[in-house]
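A.B. asks: Take a look at this one; I'll ask things after.
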Amino acid sequence: MTRAALLQLTSSDDPAENLPRVVSEVRAAAAEGAGFVLTPEVTNCVSASRTRQREVLRVENEDRTLAGLRDEAARAGIWLLIGSLAVKSDPPEERFANRSFLIAPDGAITARYDKMHMFDVQVSEAETYRESAGYAPGQRAVIAETPFGTLGLTVCYDLRFPYLYRALAQSGAEILTVPSAFSPATGPLHWEPLLRARAIETGSYVLAPAQTGDHAASRGRARSTWGHSLAVSPWGEVLADAGTAPGVTFVDIDRSAVAEARARIPSLTHGRDFEGP
Ligand SMILES: O=C(O)CNC(=O)[C@H](CS)NC(=O)CCC(=O)C(=O)O
């Protein structure tokens with residue numbers, strides 16, 4: 001059994017301001033016994049302005065948030081999933097990467113995953129997202145070993161592509177991570193059912209730390225996000241819902257629940273190759 005902690009944040013578009021907040025939340029989570037801490041999508045910078053992002057984002061090796069959180073993971077001796085950082089690609093190209101990092105208790109980066117599905121969607125008359133204009137999508141799915149289970153790394157809009165989750169689970173993932181900055185237009189009806197469906201259809205834990213609330217922006221339109229960081233059991237039960245306030249939510253995870261759920265419904269092994277349509 002491992003105690004996981006989902007951090008719910010209201011990151012601004014200033015990485016220097018966000019880092020000390022995240023560090024203090026990680027510290028608080030570790031002090032309460034968390035062995036695995038997870039942060040949301042774009043932990044370092046929520047922004048709708050590419051001008052602003054060009055100013056404040058850095059390549060991975062120069063990213064202060066990554067360095068600071070690696071130090072903190074090592075200090076606290078915890079596993080840390082940095083849900084994602086917006087980083088400049090290396091070598092620098094026009095577009096950024098939306099990249100998840102898994103940090104081991106010695107501070108080493110043991111896995112990286114670049115978000116594959118880009119949120120290019122008009123969610124309402126007033127709100128349009130063109131994620132692929134700012135970010136280059138990743139090309140490969142990633143699983144990573146930890147002592148408490150094999151992780152399958154995904155980010156936010158990936159959630160709507162079930163084939164990715166089935167592939168991750170069939171490759172050994174037991175805990176699917178979905179760090180997010182979900183839109184308030186889609187969150188109310190889509191967030192929880194999609195997360196529960198991914199858990200049920202793969203017999204996996206789903207851990208989804210999220211951005212929440214109104215994000216301060218020094219440039220461009222201010223963004224809002226849905227919050228409700230969620231932990232779902234491999235049988236589909238909502239184990240924790242963080243509501244809309246920033247803070248830390250704890251959940252105990254036990255990989256034997258994965259084996260149990262898959263023994264009851266072995267749908268991962270019942271796939272069919274079919275013709276048509
Ligand atoms: O823009 C950034 O810096 C980082 N990327 C995001 O916040 C992305 C694209 S705008 N958000 C989502 O994927 C929300 C998906 C969603 O809300 C849904 O599927 O309904």
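Ordering of the structure tokens sets the chain letters (A, B, ...); residue numbers start at 1 within each chain; ligands are numbered from 1 in the order shown.
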What residues of the protein or nucleic acid chains come within 6 Å of ligand 1 when you use only C-alpha atoms and all ligand atoms? Reply as a list in words.

C.D. replies: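 My answer, listing the contacting residues, is Val42, Val46, Ser47, Phe119, Tyr129, Glu131, Cys156, Tyr157, Ala181, Phe182, Ser183 and Thr186 of chain A.
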
A.B. asks: Give me a file of those residues, with N, CA and C atoms, as an mmCIF file, in the first residue's frame.

C.D. replies:
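Below is the file out33.cif, written as the result:
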data_model
loop_
_atom_site.group_PDB
_atom_site.id
_atom_site.type_symbol
_atom_site.label_atom_id
_atom_site.label_comp_id
_atom_site.auth_asym_id
_atom_site.auth_seq_id
_atom_site.Cartn_x
_atom_site.Cartn_y
_atom_site.Cartn_z
ATOM 1 N N VAL A 42 0.855 21.395 -17.026
ATOM 2 C CA VAL A 42 1.463 22.741 -17.032
ATOM 3 C C VAL A 42 1.589 23.338 -15.622
ATOM 4 N N VAL A 46 0.473 28.347 -16.627
ATOM 5 C CA VAL A 46 -0.791 28.314 -17.363
ATOM 6 C C VAL A 46 -0.930 29.646 -18.081
ATOM 7 N N SER A 47 -0.949 29.582 -19.395
ATOM 8 C CA SER A 47 -0.970 30.815 -20.183
ATOM 9 C C SER A 47 -1.711 30.576 -21.479
ATOM 10 N N PHE A 119 -5.244 19.514 -28.080
ATOM 11 C CA PHE A 119 -6.604 20.023 -27.849
ATOM 12 C C PHE A 119 -6.879 21.180 -28.816
ATOM 13 N N TYR A 129 -9.549 26.525 -28.357
ATOM 14 C CA TYR A 129 -8.181 26.150 -28.037
ATOM 15 C C TYR A 129 -7.496 25.636 -29.293
ATOM 16 N N GLU A 131 -4.138 23.991 -29.330
ATOM 17 C CA GLU A 131 -2.931 23.558 -28.636
ATOM 18 C C GLU A 131 -1.792 23.250 -29.607
ATOM 19 N N CYS A 156 -4.183 14.999 -19.898
ATOM 20 C CA CYS A 156 -5.389 15.765 -20.225
ATOM 21 C C CYS A 156 -6.183 15.231 -21.435
ATOM 22 N N TYR A 157 -6.128 15.907 -22.556
ATOM 23 C CA TYR A 157 -6.976 15.557 -23.716
ATOM 24 C C TYR A 157 -6.725 14.134 -24.213
ATOM 25 N N ALA A 181 -5.560 20.129 -17.211
ATOM 26 C CA ALA A 181 -6.034 21.510 -17.057
ATOM 27 C C ALA A 181 -7.336 21.527 -17.848
ATOM 28 N N PHE A 182 -8.361 20.884 -17.303
ATOM 29 C CA PHE A 182 -9.591 20.643 -18.069
ATOM 30 C C PHE A 182 -10.409 21.917 -18.178
ATOM 31 N N SER A 183 -11.126 22.036 -19.290
ATOM 32 C CA SER A 183 -11.865 23.286 -19.505
ATOM 33 C C SER A 183 -13.175 23.258 -18.715
ATOM 34 N N THR A 186 -16.244 21.684 -20.593
ATOM 35 C CA THR A 186 -16.399 20.240 -20.777
ATOM 36 C C THR A 186 -16.352 19.474 -19.454
#

A.B. asks: Give me, as a ChimeraX atom specification, the residues of stretch 52-102 of chain A that a backbone DSSP run labels strand (DSSP E).

C.D. replies: /A:79-88,96-102

A.B. asks: Can you spit out the residues from that selection as a short mmCIF file (atom, residue, chain, number, x, y, z; two decimals), in the first residue's frame, using C-alpha atoms?

C.D. replies:
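Writing the result to selection12.cif gives the following:
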data_model
loop_
_atom_site.label_atom_id
_atom_site.label_comp_id
_atom_site.auth_asym_id
_atom_site.auth_seq_id
_atom_site.Cartn_x
_atom_site.Cartn_y
_atom_site.Cartn_z
CA TRP A 79 8.33 9.49 -6.18
CA LEU A 80 7.08 12.55 -8.01
CA LEU A 81 5.08 12.78 -11.21
CA ILE A 82 5.37 16.33 -12.55
CA GLY A 83 2.13 16.13 -14.52
CA SER A 84 3.60 18.34 -17.11
CA LEU A 85 5.88 21.24 -17.69
CA ALA A 86 5.63 23.44 -20.73
CA VAL A 87 9.21 23.49 -22.03
CA LYS A 88 11.03 24.74 -25.08
CA PHE A 96 6.93 23.83 -27.10
CA ALA A 97 6.58 20.36 -25.58
CA ASN A 98 3.88 19.53 -23.03
CA ARG A 99 6.01 17.01 -21.09
CA SER A 100 5.40 14.75 -18.07
CA PHE A 101 8.37 13.79 -15.89
CA LEU A 102 8.63 10.91 -13.42
#

A.B. asks: Can you measure atom CA of A:Leu38 to atom CA of A:Thr177 for me? One decimal in Å is fine.

C.D. replies: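 Between atom CA of A:Leu38 and atom CA of A:Thr177 the gap works out to 8.6 Å.
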
A.B. asks: Using only C-alpha atoms, which protein or nucleic acid residues come within 10 Å of A:Val37? Drop anything in the same chain fewer than 6 positions from it, and give the result as a PyMOL selection string.

C.D. replies: chain A and resi 3-7+25-27+29-30+73+78-83+103+209+248-250

A.B. asks: Atoms to include: C-alpha atoms. Write the selected residues as a short mmCIF file (atom, residue, chain, number, x, y, z; two decimals), in the first residue's frame.

C.D. replies:
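So again_8.cif came out as:
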data_model
loop_
_atom_site.label_atom_id
_atom_site.label_comp_id
_atom_site.auth_asym_id
_atom_site.auth_seq_id
_atom_site.Cartn_x
_atom_site.Cartn_y
_atom_site.Cartn_z
CA ARG A 3 -0.20 6.77 -0.07
CA ALA A 4 -0.50 8.97 -3.15
CA ALA A 5 -1.10 12.73 -3.04
CA LEU A 6 -2.77 14.69 -5.83
CA LEU A 7 -1.79 18.36 -5.85
CA GLU A 25 2.62 21.55 -1.24
CA VAL A 26 4.98 18.68 -2.09
CA ARG A 27 6.63 19.12 1.30
CA ALA A 29 2.18 15.96 1.20
CA ALA A 30 5.42 14.15 2.06
CA ALA A 73 11.75 14.84 -4.43
CA ILE A 78 9.40 10.47 -2.68
CA TRP A 79 8.33 9.49 -6.18
CA LEU A 80 7.08 12.55 -8.01
CA LEU A 81 5.08 12.78 -11.21
CA ILE A 82 5.37 16.33 -12.55
CA GLY A 83 2.13 16.13 -14.52
CA ILE A 103 11.19 11.66 -10.69
CA PRO A 209 -4.32 15.84 -10.54
CA VAL A 248 -3.57 18.25 -1.44
CA THR A 249 -5.80 15.17 -1.68
CA PHE A 250 -4.61 11.79 -0.41
#

A.B. asks: Per residue of stretch 213-244 of chain A within 12 Å of stretch 49-53 of chain A, note the shortest atom pair and the distance in Å to one decimal, counting only C-alpha atoms, and order the rows by chain and increasing residue number, as JSON lines.

C.D. replies:
{"residue": "A:Ala217", "atom": "CA", "partner": "A:Ser49", "partner_atom": "CA", "distance": 8.8}
{"residue": "A:Ser218", "atom": "CA", "partner": "A:Arg52", "partner_atom": "CA", "distance": 8.1}
{"residue": "A:Arg219", "atom": "CA", "partner": "A:Ser49", "partner_atom": "CA", "distance": 6.3}
{"residue": "A:Gly220", "atom": "CA", "partner": "A:Ser49", "partner_atom": "CA", "distance": 5.0}
{"residue": "A:Arg221", "atom": "CA", "partner": "A:Ser49", "partner_atom": "CA", "distance": 7.3}
{"residue": "A:Ala222", "atom": "CA", "partner": "A:Ser49", "partner_atom": "CA", "distance": 9.3}
{"residue": "A:Arg223", "atom": "CA", "partner": "A:Ser49", "partner_atom": "CA", "distance": 10.2}

A.B. asks: Pull C-alpha atoms from the residues just selected and write them as an mmCIF file, in the first residue's frame.

C.D. replies:
data_model
loop_
_atom_site.group_PDB
_atom_site.id
_atom_site.type_symbol
_atom_site.label_atom_id
_atom_site.label_comp_id
_atom_site.auth_asym_id
_atom_site.auth_seq_id
_atom_site.Cartn_x
_atom_site.Cartn_y
_atom_site.Cartn_z
ATOM 1 C CA ALA A 217 -2.186 36.112 -16.476
ATOM 2 C CA SER A 218 0.118 39.051 -17.121
ATOM 3 C CA ARG A 219 -0.453 38.698 -20.867
ATOM 4 C CA GLY A 220 -3.249 37.321 -23.026
ATOM 5 C CA ARG A 221 -6.645 36.057 -21.957
ATOM 6 C CA ALA A 222 -6.935 34.682 -18.422
ATOM 7 C CA ARG A 223 -7.744 30.979 -18.375
#

A.B. asks: Could you jot down the atom CA of A:Asp71 to atom CA of A:Gly172 separation for me, Å, one decimal place?

C.D. replies: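 Interatomic distance here is 29.1 Å.
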
A.B. asks: Could you pull out the residues in stretch 30-237 of chain A that DSSP calls helix (DSSP H, G or I) from the backbone, as a PyMOL selection string?

C.D. replies: chain A and resi 30-31+50-56+60-62+64-76+131-134+156-160+162-170+187-202

A.B. asks: Excluding A:Gly77 and residues on its chain fewer than 6 positions from it, collect all residues at most 10 Å away from it, counting only C-alpha atoms, and give them as a ChimeraX atom specification.

C.D. replies: /A:30,34-36,71,104-107

A.B. asks: Could you check which of A:Leu153, A:Ser171, A:Pro246, A:Pro92 is closest to A:Leu207, using only C-alpha atoms?

C.D. replies: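 Smallest separation from A:Leu207 among the options: A:Leu153.
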
A.B. asks: For A:Thr2, which of A:Asp120, A:Glu174, A:Glu201, A:Asp254 is the closest residue, counting only C-alpha atoms?

C.D. replies: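 For A:Thr2, the nearest of the candidates is A:Asp254.
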
A.B. asks: Excluding stretch 266-272 of chain A and residues on its chain fewer than 2 positions from it, collect all residues at most 7 Å away from it, counting only C-alpha atoms, and give them as a ChimeraX atom specification.

C.D. replies: /A:170,202,262-264,274

A.B. asks: Calculate how many Å separate atom CA of A:Ala210 from atom CA of A:Glu94, rounding to one decimal.

C.D. replies: 26.7 Å

A.B. asks: List the spatial neighbours of A:Gly213 as an NGL selection string - criterion: any atom at most 8 Å away, only C-alpha atoms, same-chain residues fewer than 3 positions off excluded.

C.D. replies: :A and (10 or 224-227 or 244-245)
